[in-house]
Amino acid sequence: MASAAGTAPLADVDMSTVSGRKRGKTGYLLLLPAAIWLGVFFVIPFYSLVATSLFDPSGSDSRGYDMTYHVANYWHVFQDYRGPLLRSLWYGAIATAFCLVLGYVLAYAIAFKAGRWKNLMLVLVIAPFFTSFLVRTLSWKLILADDGFVVNTLQAVHVLGSDGRLLATPVAVVAGLTYNFLPFMVLPLFASIDKIDHRLIEAASDLYANPIKGFFKVTWPLSLPGVVSGTLLTFIPAAGDYINAQLLGSPNQRMVGSVIQSLFTDANNYPAAGALSMILMIIIVAMVLVYVRRAGTEELL
Amino acid sequence: MSQVAEDTSSGADALADPSSYDGLALRQLTKHFGAFHAVRDLDLDVPRGSFFALLGPSGCGKTTTLRMVAGLETPSSGSITLAGNDITYAKPYQRPVNTVFQSYALFPHLDIYENVAFGLRRRKKSDVDTQVREMLELVELSSQARKKPAQLSGGQQQRVALARALINSPEVLLLDEPLGALDLKLRRSMQIEIKRIQTEVGRTFIHVTHDQEEAMTMADTVAVMNAGIIEQMGAPAELYENPRSTFVANFLGQSNLIEGTVTSRDADLVSVDMHGIPVSVPAGRAHAPGDKGWVGIRPEKVLIGSEGEALDAPGHTIPGGVVSDVSFVGVSTQYLVRMPWGQELQVFSQNTGRTRIFATGDKVELSWRPEYAFLLDAAQDASAGAQRVDTDG
Amino acid sequence: MNWLRKHLVLILGLLVLVYTFIPIFVVVLMSFNDPASRLIYRFDGFTLHNWLNPCEDPAMCSALGRSVEIGLLATAGSTILGTLAAFALVRHDFRGRSTANLLIFLPMAAPEIVMGSSLLALFVGAGFAGQLGFWTILIAHIMFCLSFVVVTVRSRLAGMDDNLEQAAMDLYATPRQTFWKVTFPLVFPGILGAALLSFSLSFDDFIVTNLNAGQTTTFPMYVWGVAQRGVPMQVNVVGTMMFVISIVIVVGGELNSRRRARALA
């Protein structure tokens with residue numbers, strides 16, 4: 001930038017990029033600490049995990065592990081723990097589906113029907129989740145207890161058999177998962193639904209669509225970005241969660257998360273644990289990619 | 001006020017020597033963003049204490065020029081001199097220049113008092129309280145001093161933005177389309193208000209706008225800007241009555257531009273053959289160097305009468321017109337008249353009550369005094385600067 | 001009947017909201033519980049004993065203290081790093097910005113068990129298997145809180161009118177003054193919100209913490225431990241207190257801003 005009159009332009013007040021952003025080294029410097037932290041403690045661990053999953057399983061914590069690219073680890077661990085793995089994915093999916101239904105109703109109600117209570121209701125959605133996750137889940141243990149109100153009522157209306165129970169069944173686990181991950185569904189859904197111009201729905205009804213048709217033709221498609229991000233933000237942690245299964249289920253409902261945990265801590269079988277972790281992650285990433293491509297939206301957050 | 005525009009002998013006014021000029025001088029100012037040239041070799045002198053308007057359509061570079069004067073953009077080349085001091089590369093907080101932003105940019109977390117006091121506090125001026133109270137009185141917002149900007153109306157926010165800038169007694173006050181967001185009535189009253197304040201305060205105001213009515217109402221001097229360059233500069237009346245390019249002719253008000261061929265030129269008069277009809281244009285209003293030109297005449301200067309009727313002002317008579325559209329606008333009646341060579345001319349006829357109102361299909365004759373006509377270069381686009389009929393101002 | 005149909009969605013929504021509060025009622029209720037047996041989780045009798053003797057089990061209070069300690073440090077670390085990063089991503093242009101955006105996003109979407117596993121793999125692989133504890137937990141917490149801080153501060157920053165900073169400079173503020181007098185006050189609510197979010201994420205974390213804690217115990221780990229052995233009711237006291245404190249902060253903040261707005265009306 002040559003100038004006809006005198007001194008060179010000074011870089012720090014040069015706001016002449018079209019986008020308004022500042023160029024130069026400051027950006028890198030500001031980002032650096034966070035980038036290094038994530039690089040060291042998120043990216044590199046990923047490689048460690050891959051490496052660990054390929055260790056020779058005959059090593060141990062004290063003797064150390066040999067890297068033998070023992071790909072068989074994956075196959076072994078998949079065979080041994082196929083049950084919990086598939087169960088986790090399955091429970092996660094069901095819980096996500098329930099969350100979608102409940103969450104959509106709630107998000108819709110807040111976005112369109114709440115009027116001036118909107119902010120208050122949003123706070124109320126998040127408020128219960130300020131309590132400890134574990135303490136809340138323990139409460140469900142009480143609520144779904146064998147001689148508690150819920151079970152007795154369900155027995156009275158013959159939904160449950162006379163000796164039926166909810167605790168230590170898949171029902172309790174899924175119920176716990178649904179409950180605990182509801183906000184992860186509601187908030188993105190709300191963000192998306194809130195953006196929908198209400199007049200579009202009015203226009204639909206002006207053009208002879210009844211409310212149900214109007215919903216499926218106008219509201220639902222426009223809320224899809226929220227649905228996609230909500231389902232992802234719910235399914236991913238739900239599939240990896242094992243707290244609900246442990247507290248509310250029985251050993252029959254063991255989820256892959258608790259398997260991985262115990263492989264690390266109790267069995268000290270690092271290669272197996274690593275391999276199982278990798279398998280879970282690969283499956284989830286694959287599902288996400290397929291899902292996002294099918295849903296057609298790239299904006300996740 | 002004389003109807004006949006003054007004869008300006010040269011196209012570009014002579015530029016002052018920046019180092020001794022007491023106003024704002026822009027020399028060869030250029031700004032490009034990559035391949036796009038927003039401002040091109042701009043030369044401008046803004047006299048000290050004047051109310052100066054920079055007028056042009058969106059994208060013409062007027063806001064970029066303003067921001068360079070404020071220091072919020074760095075010029076690609078050229079210089080900016082204020083009262084003899086080169087401020088081209090000075091930072092915004094080092095210049096005695098303040099801006100009233102289009103979006104007002106009031107600090108939402110500070111109340112009105114602190115917003116207005118902001119500049120004084122940064123310069124560590126004493127006596128802040130007295131000055132702020134005086135300024136708030138000047139813009140009639142004393143009672144709102146402790147409110148936050150969000151609590152004020154658009155017009156009030158606009159006045160705060162003005163006060164906040166003005167209180168610093170800048171050498172030049174820049175206004176970036178400050179009235180754009182206001183409704184019509186409020187805009188009109190603010191135009192008068194700002195003009196009054198400028199006269200009272202006596203400082204140089206540079207007002208950027210795309211509204212030609214606003215520019216002509218408020219400013220002493222108007223510069224019409226188009227695609228990065230200044231087309232013409234001068235007093236509003238001069239620009240309006242004697243435009244030097246088709247852009248200016250169409251951008252300010254409306255013009256009829258009719259093809260013609262120059263038949264002769266002498267010291268006072270240029271004769272033009274306009275589709276077979278001989279018309280003349282005073283030499284000082286002829287800005288066409290070549291043989292061909294656009295004969296320009298403002299619609300309100302065109303007289304309309306029935307065929308053969310003796311018209312009020314004898315001038316050129318253009319026969320053979322047929323009224324193709326009539327719009328009664330209350331104050332005037334606006335006609336579109338189709339001429340024998342196919343062009344539709346606009347005629348604004350004031351409803352004085354003395355002349356009849358014509359109907360579509362009527363055969364009419366048009367006439368105008370030669371001293372109101374102007375001649376423009378045929379090489380220029382006859383539709384340059386023309387705005388859509390349905391925009392207001 | 002018509003009224004019901006018109007307000008159906010709202011009623012259903014409110015029902016869902018009530019559903020989310022049921023366990024909270026239980027937590028509050030159980031904090032006043034006088035349990036007949038430690039092993040059966042059931043409401044037997046009302047007592048204030050739990051509230052008056054919160055640290056009856058010293059292990060709980062020490063775990064609680066640990067969680068608070070880690071929470072505060074993790075909040076400080078992630079808020080500072082995250083705020084700087086947010087400024088970089090919004091205000092600056094540099095190559096690799098989109099990669100950085102992706103990197104920030106990933107920890108929010110990754111399953112905790114995988115994140116925890118990989119961190120453990122790193123620590124063990126680097127030879128720190130014997131030193132798992134306070135510092136490894138802290139490192140992990142800062143790591144996953146970072147992303148949330150960046151996203152929160154970033155959205156606040158991006159929503160700020162950038163004319164404001166130009167206006168400040170036009171009014172004689174140097175870049176430093178512009179930052180402290182204009183930019184920072186306006187971003188601060190976002191930073192504060194990010195800090196609160198960060199603290200609650202850290203405090204409540206179990207899966208990642210459990211894998212990388214070694215012998216150290218945080219509050220969630222303590223609850224997990226006693227869930228099999230018999231839960232002391234003081235756990236619910238803590239739960240209730242957390243809920244109350246959070247509500248007070250949120251509602252207090254809301255009332256405060258409303259009060260300020262009304263006072264100037």
# chains A, B, ... in the order shown; residues from 1 in each chain; ligands from 1
call {"tool": "closest_atom_pairs", "arguments": {"of": "chain C", "to": "chain B", "cutoff": "12 Å", "atoms": "only C-alpha atoms", "output": "CSV"}}
result
residue,atom,partner,partner_atom,distance
C:Met160,CA,B:Pro108,CA,10.2
C:Asp161,CA,B:Ala105,CA,7.7
C:Asp162,CA,B:Ala105,CA,8.7
C:Asn163,CA,B:Ala105,CA,5.8
C:Leu164,CA,B:Ala105,CA,5.2
C:Glu165,CA,B:Ala105,CA,8.7
C:Gln166,CA,B:Leu72,CA,6.9
C:Ala167,CA,B:Ala105,CA,6.5
C:Ala168,CA,B:Gly119,CA,8.0
C:Met169,CA,B:Tyr93,CA,5.1
C:Asp170,CA,B:Pro92,CA,5.1
C:Leu171,CA,B:Gly119,CA,4.7
C:Tyr172,CA,B:Tyr93,CA,3.8
C:Ala173,CA,B:Arg122,CA,5.8
C:Thr174,CA,B:Tyr93,CA,6.3
C:Pro175,CA,B:Tyr93,CA,9.0
C:Arg176,CA,B:Arg122,CA,11.4
C:Gln177,CA,B:Arg122,CA,8.2
C:Thr178,CA,B:Arg122,CA,9.8
C:Lys181,CA,B:Phe118,CA,9.6
C:Val182,CA,B:Phe107,CA,7.3
C:Thr183,CA,B:Phe107,CA,9.9
C:Phe184,CA,B:His109,CA,10.7
C:Pro185,CA,B:His109,CA,7.4
C:Leu186,CA,B:His109,CA,7.0
C:Val187,CA,B:His109,CA,10.7
C:Phe188,CA,B:His109,CA,11.1
C:Pro189,CA,B:His109,CA,11.4
C:Ser257,CA,B:His109,CA,11.6
C:Arg260,CA,B:Lys148,CA,10.2
C:Ala261,CA,B:Lys148,CA,8.4
C:Arg262,CA,B:Lys147,CA,10.1
C:Ala263,CA,B:Lys147,CA,9.1
C:Leu264,CA,B:Lys147,CA,5.4
C:Ala265,CA,B:Lys147,CA,6.9
call {"tool": "write_last_selection", "arguments": {"atoms": "N, CA and C atoms", "output": "tab-separated table (two decimals), in the first residue's frame"}}
result
chain	number	residue	atom	x	y	z
C	160	MET	N	-22.17	-8.49	19.20
C	160	MET	CA	-21.90	-7.10	19.55
C	160	MET	C	-21.75	-6.26	18.30
C	161	ASP	N	-22.37	-5.11	18.30
C	161	ASP	CA	-22.26	-4.19	17.18
C	161	ASP	C	-20.81	-3.69	17.07
C	162	ASP	N	-20.13	-3.98	15.96
C	162	ASP	CA	-18.72	-3.57	15.93
C	162	ASP	C	-18.55	-2.08	15.63
C	163	ASN	N	-19.65	-1.43	15.31
C	163	ASN	CA	-19.58	0.02	15.19
C	163	ASN	C	-19.22	0.67	16.52
C	164	LEU	N	-19.56	-0.02	17.62
C	164	LEU	CA	-19.36	0.58	18.92
C	164	LEU	C	-17.89	0.85	19.19
C	165	GLU	N	-17.06	-0.11	18.79
C	165	GLU	CA	-15.63	0.10	19.03
C	165	GLU	C	-15.09	1.21	18.14
C	166	GLN	N	-15.62	1.30	16.93
C	166	GLN	CA	-15.19	2.37	16.05
C	166	GLN	C	-15.64	3.71	16.60
C	167	ALA	N	-16.87	3.72	17.14
C	167	ALA	CA	-17.37	4.96	17.74
C	167	ALA	C	-16.47	5.38	18.90
C	168	ALA	N	-16.04	4.41	19.69
C	168	ALA	CA	-15.19	4.74	20.83
C	168	ALA	C	-13.88	5.37	20.36
C	169	MET	N	-13.30	4.79	19.33
C	169	MET	CA	-12.03	5.33	18.83
C	169	MET	C	-12.24	6.69	18.21
C	170	ASP	N	-13.36	6.86	17.56
C	170	ASP	CA	-13.70	8.17	16.99
C	170	ASP	C	-13.80	9.20	18.11
C	171	LEU	N	-14.18	8.73	19.32
C	171	LEU	CA	-14.32	9.64	20.45
C	171	LEU	C	-13.09	9.62	21.34
C	172	TYR	N	-11.93	9.45	20.72
C	172	TYR	CA	-10.65	9.65	21.39
C	172	TYR	C	-10.22	8.54	22.34
C	173	ALA	N	-10.83	7.37	22.26
C	173	ALA	CA	-10.38	6.26	23.09
C	173	ALA	C	-9.28	5.50	22.37
C	174	THR	N	-8.16	5.27	23.05
C	174	THR	CA	-7.10	4.45	22.47
C	174	THR	C	-7.58	3.01	22.42
C	175	PRO	N	-6.92	2.14	21.65
C	175	PRO	CA	-7.38	0.75	21.58
C	175	PRO	C	-7.52	0.12	22.96
C	176	ARG	N	-6.61	0.45	23.87
C	176	ARG	CA	-6.69	-0.12	25.21
C	176	ARG	C	-7.93	0.36	25.94
C	177	GLN	N	-8.16	1.70	25.87
C	177	GLN	CA	-9.34	2.25	26.52
C	177	GLN	C	-10.61	1.70	25.90
C	178	THR	N	-10.60	1.55	24.57
C	178	THR	CA	-11.76	1.01	23.88
C	178	THR	C	-12.09	-0.37	24.42
C	181	LYS	N	-13.29	0.02	28.24
C	181	LYS	CA	-14.48	0.82	28.51
C	181	LYS	C	-15.69	0.36	27.72
C	182	VAL	N	-15.45	-0.26	26.58
C	182	VAL	CA	-16.58	-0.62	25.72
C	182	VAL	C	-16.69	-2.13	25.51
C	183	THR	N	-15.61	-2.73	24.95
C	183	THR	CA	-15.70	-4.15	24.59
C	183	THR	C	-15.93	-5.03	25.81
C	184	PHE	N	-15.06	-4.90	26.80
C	184	PHE	CA	-15.13	-5.81	27.93
C	184	PHE	C	-16.46	-5.75	28.69
C	185	PRO	N	-16.96	-4.54	29.03
C	185	PRO	CA	-18.25	-4.50	29.74
C	185	PRO	C	-19.37	-5.17	28.97
C	186	LEU	N	-19.29	-5.09	27.64
C	186	LEU	CA	-20.38	-5.68	26.86
C	186	LEU	C	-20.24	-7.19	26.73
C	187	VAL	N	-19.02	-7.70	26.74
C	187	VAL	CA	-18.84	-9.15	26.62
C	187	VAL	C	-18.97	-9.83	27.98
C	188	PHE	N	-18.77	-9.05	29.03
C	188	PHE	CA	-18.68	-9.64	30.36
C	188	PHE	C	-19.82	-10.58	30.74
C	189	PRO	N	-21.08	-10.23	30.48
C	189	PRO	CA	-22.16	-11.17	30.82
C	189	PRO	C	-21.94	-12.53	30.18
C	257	SER	N	-31.31	-7.33	36.56
C	257	SER	CA	-31.31	-6.56	35.31
C	257	SER	C	-32.68	-5.92	35.10
C	260	ARG	N	-32.84	-2.83	37.34
C	260	ARG	CA	-32.07	-1.71	36.81
C	260	ARG	C	-32.79	-1.04	35.65
C	261	ALA	N	-33.42	-1.90	34.84
C	261	ALA	CA	-34.12	-1.33	33.68
C	261	ALA	C	-35.29	-0.48	34.14
C	262	ARG	N	-36.03	-0.99	35.15
C	262	ARG	CA	-37.21	-0.28	35.60
C	262	ARG	C	-36.85	1.02	36.31
C	263	ALA	N	-35.72	1.00	37.04
C	263	ALA	CA	-35.34	2.19	37.80
C	263	ALA	C	-35.06	3.38	36.90
C	264	LEU	N	-34.67	3.08	35.68
C	264	LEU	CA	-34.33	4.19	34.78
C	264	LEU	C	-35.48	4.56	33.86
C	265	ALA	N	-36.56	3.82	33.97
C	265	ALA	CA	-37.70	4.09	33.05
C	265	ALA	C	-38.38	5.40	33.40
call {"tool": "select_by_dssp", "arguments": {"residues": "region 131-294 of chain A", "states": "helix (DSSP H, G or I)", "output": "PyMOL selection string"}}
result
chain A and resi 133-143+149-156+170-194+198-206+211-240+243-248+251-253+256-265+270-294
call {"tool": "interface_residues", "arguments": {"of": "chain B", "to": "chain A", "cutoff": "6 Å", "atoms": "only C-alpha atoms", "output": "list in words"}}
result
Glu73, Ser76, Ser77, Gly78, Ser79 and Tyr89 of chain B
call {"tool": "atom_distance", "arguments": {"atom1": "CA of Gln346 (chain B)", "atom2": "CA of Leu366 (chain B)"}}
result
10.5 Å
call {"tool": "closest_atom_pairs", "arguments": {"of": "chain C", "to": "chain A", "cutoff": "7 Å", "atoms": "only C-alpha atoms", "output": "Markdown table"}}
result
| residue | atom | partner | partner_atom | distance |
| --- | --- | --- | --- | --- |
| C:Val9 | CA | A:Ala109 | CA | 5.8 |
| C:Leu10 | CA | A:Ala109 | CA | 5.1 |
| C:Leu12 | CA | A:Val105 | CA | 6.8 |
| C:Gly13 | CA | A:Leu106 | CA | 4.3 |
| C:Val16 | CA | A:Leu106 | CA | 6.5 |
| C:Leu17 | CA | A:Val125 | CA | 6.5 |
| C:Thr20 | CA | A:Pro128 | CA | 6.6 |
| C:Phe21 | CA | A:Pro128 | CA | 6.0 |
| C:Pro23 | CA | A:Ser139 | CA | 5.4 |
| C:Ile24 | CA | A:Pro128 | CA | 6.3 |
| C:Val26 | CA | A:Ser139 | CA | 5.9 |
| C:Val27 | CA | A:Ser139 | CA | 6.2 |
| C:Tyr41 | CA | A:Leu142 | CA | 6.1 |
| C:Arg42 | CA | A:Leu142 | CA | 6.2 |
| C:Leu81 | CA | A:Ala34 | CA | 5.2 |
| C:Gly82 | CA | A:Ala34 | CA | 6.4 |
| C:Leu84 | CA | A:Leu30 | CA | 5.2 |
| C:Ala85 | CA | A:Leu31 | CA | 4.3 |
| C:Ala88 | CA | A:Gly27 | CA | 4.7 |
| C:Arg91 | CA | A:Arg21 | CA | 5.2 |
| C:His92 | CA | A:Lys22 | CA | 4.7 |
| C:Asp93 | CA | A:Arg23 | CA | 5.1 |
| C:Phe94 | CA | A:Arg23 | CA | 6.6 |
| C:Ala109 | CA | A:Leu233 | CA | 6.4 |
| C:Ala110 | CA | A:Ile236 | CA | 6.9 |
| C:Pro111 | CA | A:Pro237 | CA | 4.9 |
| C:Glu112 | CA | A:Pro237 | CA | 6.6 |
| C:Ile113 | CA | A:Gly240 | CA | 5.9 |
| C:Val114 | CA | A:Ser277 | CA | 5.6 |
| C:Ser117 | CA | A:Gly274 | CA | 6.9 |
| C:Ser118 | CA | A:Pro45 | CA | 4.7 |
| C:Leu119 | CA | A:Pro45 | CA | 5.2 |
| C:Ala121 | CA | A:Leu49 | CA | 5.5 |
| C:Leu122 | CA | A:Pro45 | CA | 5.0 |
| C:Met143 | CA | A:Leu38 | CA | 6.2 |
| C:Asp204 | CA | A:Ser132 | CA | 5.6 |
| C:Leu211 | CA | A:Gln261 | CA | 6.8 |
| C:Pro220 | CA | A:Leu134 | CA | 6.4 |
| C:Val223 | CA | A:Leu134 | CA | 6.7 |
| C:Asn236 | CA | A:Val135 | CA | 6.8 |
| C:Gly239 | CA | A:Thr131 | CA | 5.3 |
| C:Met242 | CA | A:Thr131 | CA | 5.6 |
| C:Phe243 | CA | A:Thr131 | CA | 5.2 |
| C:Ser246 | CA | A:Phe130 | CA | 6.4 |
| C:Ile247 | CA | A:Ala127 | CA | 6.7 |
call {"tool": "atom_distance", "arguments": {"atom1": "CA of Ser169 (chain B)", "atom2": "CA of Phe52 (chain B)"}}
result
17.1 Å
call {"tool": "residues_around", "arguments": {"residues": "Val235 (chain C)", "least_positions_apart": "2", "cutoff": "9 Å", "atoms": "only C-alpha atoms", "output": "PyMOL selection string"}}
result
(chain A and resi 135) or (chain C and resi 27+31+50+54+60+223+231-233+237-240)
call {"tool": "atom_distance", "arguments": {"atom1": "CA of Ser142 (chain B)", "atom2": "CA of Trp180 (chain C)"}}
result
27.7 Å
